[in-house]
Amino acid sequence: MHKYPSAIFLMGPTASGKTDLAIRLATQENCEIISVDSALIYKGMDIGTAKPTLAERKLAPHALVDILDPLQAYSVGNFREDALALMASICARGKTPLLVGGTMLYYKSLIDGLSPLPQACADTRAQIESEAAQLGWQVMHDKLAQIDPVAALRIHVNDPQRLSRALEVYRISGKSMTDLTQIKSEPIPFNVRQFAIAPQEKTTLHQRIEQRFINMLETGFEDEVRKLKARKDLHLDLPAMRCVGYRQMWQYLEGEIDHDEMQFRGIVATRQLAKRQMTWLRGWKTELTWLESEDPCNFDKIMKSST
């Protein structure tokens with residue numbers, strides 16, 4: 001690996017302090033930031049995603065921020081392609097790519113590569129949903145068990161989205177999802193130093209999440225979602241609108257829940273996201289250095305790793 005250029009991964013759950021540390025690295029060292037966050041890609045979604053401010057991005061530009069309209073989709077494959085191109089460009093300028101964010105699947109796509117799964121097909125998906133409406137999802141699950149028993153064990157009958165996708169993959173490619181996921185693309189040609197930052201105590205992270213959500217509400221999150229909702233072409237089934245906080249605020253604006261319930265659900269959803277992120281990180285299979293959110297020596301620890 002010594003022959004490859006260096007790159008830094010700075011991972012961690014939401015509200016763990018990644019942005020502040022990344023900006024310091026970008027401004028004081030020879031780094032350029034690439035965002036690894038499936039919510040920050042969307043324009044007009046600034047407050048609810050805790051997007052770095054314009055002042056912060058002027059100080060330390062973030063690639064892959066504000067690149068899509070919320071109506072558009074962005075796959076893991078899109079991210080991998082974009083990130084690799086950016087990393088190569090940054091290295092060509094003699095700088096170090098600094099990848100920062102909490103979308104763990106994006107990081108995994110870089111480390112492990114991607115399986116050659118087919119693109120989603122609306123016609124095939126519609127056919128599967130029509131069959132399910134007639135026969136029931138239990139029958140569809142039985143069909144999956146015949147063609148991909150491993151996936152059928154993993155996917156619950158009450159999970160129609162994943163069940164439909166597994167059937168779709170087989171109908172498009174003629175191969176099971178289990179077989180295709182065993183095929184991986186080449187690992188990235190970089191010597192990656194991987195760090196994860198998080199508070200030592202779970203209660204501390206929960207407090208930070210709650211306070212940040214309250215701050216979002218105080219700085220105009222409701223108005224931000226009102227503007228998105230007023231467009232009429234956006235709806236809750238879009239990936240952008242499934243971002244934590246946005247669904248709960250949307251439901252409040254629809255009159256489905258009151259303000260206190262919206263705040264409660266938004267905080268709970270964010271904590272659940274952080275829990276999933278921590279689960280990913282605790283099971284990380286490659287070498288990972290942990291940093292404590294409140295440790296003032298985090299910057300020095302990262303810099304020391306490069307010597």
# chains A, B, ... in the order shown; residues from 1 in each chain; ligands from 1
>>> residues_around(residues="Leu167 in chain A", least_positions_apart="3", cutoff="9 Å", atoms="only C-alpha atoms", output="list in words")
Arg125, Ile128, Met140, His141, Lys143, Leu144, Ile147, Asp148, Arg162, Leu163, Ser164, Tyr170, Arg171, Ile172, Ser176 and Met177 of chain A
>>> residues_around(residues="range 38-54 of chain A", least_positions_apart="4", cutoff="7 Å", atoms="only C-alpha atoms", output="short mmCIF file (atom, residue, chain, number, x, y, z; two decimals) with N, CA and C atoms, in the first residue's frame")
data_model
loop_
_atom_site.label_atom_id
_atom_site.label_comp_id
_atom_site.auth_asym_id
_atom_site.auth_seq_id
_atom_site.Cartn_x
_atom_site.Cartn_y
_atom_site.Cartn_z
N LYS A 58 -16.75 28.26 2.55
CA LYS A 58 -15.83 29.22 1.93
C LYS A 58 -14.44 29.04 2.51
N LEU A 64 -19.18 17.40 -3.31
CA LEU A 64 -20.37 16.57 -3.21
C LEU A 64 -21.39 17.13 -2.20
N VAL A 65 -21.44 18.44 -2.09
CA VAL A 65 -22.47 19.14 -1.33
C VAL A 65 -23.24 20.01 -2.31
N ASP A 66 -24.57 20.02 -2.20
CA ASP A 66 -25.43 20.82 -3.08
C ASP A 66 -25.25 20.48 -4.56
N ILE A 67 -25.27 19.19 -4.86
CA ILE A 67 -25.06 18.78 -6.25
C ILE A 67 -26.34 18.33 -6.95
N LEU A 68 -27.43 18.11 -6.18
CA LEU A 68 -28.66 17.60 -6.78
C LEU A 68 -29.89 18.31 -6.23
N ASP A 69 -30.94 18.34 -7.03
CA ASP A 69 -32.25 18.77 -6.57
C ASP A 69 -32.85 17.62 -5.74
N PRO A 70 -33.66 17.93 -4.72
CA PRO A 70 -34.26 16.87 -3.90
C PRO A 70 -35.13 15.89 -4.68
N THR A 103 -22.38 8.48 6.14
CA THR A 103 -23.08 7.48 5.33
C THR A 103 -22.13 6.30 5.13
N MET A 216 -31.88 23.52 15.30
CA MET A 216 -32.44 23.54 13.95
C MET A 216 -33.82 24.19 13.94
N PHE A 221 -35.86 25.60 10.59
CA PHE A 221 -36.08 24.31 9.94
C PHE A 221 -37.50 24.18 9.42
N ALA A 240 -34.76 11.94 -0.66
CA ALA A 240 -34.42 13.19 0.01
C ALA A 240 -35.37 13.46 1.18
N CYS A 243 -34.91 11.72 4.70
CA CYS A 243 -33.84 12.11 5.61
C CYS A 243 -34.43 12.40 6.99
N GLY A 245 -35.70 13.83 10.30
CA GLY A 245 -36.18 15.18 10.61
C GLY A 245 -37.16 15.69 9.58
N TYR A 246 -36.89 15.47 8.32
CA TYR A 246 -37.74 16.01 7.26
C TYR A 246 -39.11 15.32 7.24
#
>>> select_by_dssp(residues="range 29-230 of chain A", states="strand (DSSP E)", output="ChimeraX atom specification")
/A:31-35,62-63,96-101,191-198
>>> closest_residue(among="A:Leu84, A:Cys91, A:Ile188, A:Leu59", to="Gly113 in chain A", atoms="only C-alpha atoms")
A:Ile188
>>> closest_residue(among="A:Arg212, A:Glu56, A:Arg165, A:Ser35", to="Ile23 in chain A", atoms="only C-alpha atoms")
A:Glu56
>>> select_by_dssp(residues="range 28-84 of chain A", states="helix (DSSP H, G or I)", output="NGL selection string")
:A and (28 or 54-59 or 76-84)
>>> residues_around(residues="Gly17 in chain A", least_positions_apart="4", cutoff="12 Å", atoms="only C-alpha atoms", output="list in words")
Leu10, Met11, Gly12, Pro13, Leu21, Ala22, Ile23, Arg24, Ala50, Pro52, Val100, Gly101, Gly102, Ala196, Ile197, Ala198, Pro199, Leu205, Arg208, Ile209, Arg212, Leu291, Glu292, Ser293, Glu294, Asp295, Pro296, Asn298 and Phe299 of chain A
>>> atom_distance(atom1="CA of Met303 in chain A", atom2="CA of Gly94 in chain A")
16.8 Å
>>> closest_residue(among="A:Gln146, A:Asn158, A:Ser173, A:Thr178", to="Gln119 in chain A", atoms="only C-alpha atoms")
A:Ser173
>>> closest_residue(among="A:Gly255, A:Pro97, A:Gly136, A:Gly266", to="Pro160 in chain A", atoms="only C-alpha atoms")
A:Gly136
>>> closest_residue(among="A:Val157, A:Ile8, A:Ala269, A:Ala88", to="Tyr107 in chain A", atoms="only C-alpha atoms")
A:Ile8
>>> atom_distance(atom1="CA of Asp142 in chain A", atom2="CA of Gly174 in chain A")
17.4 Å
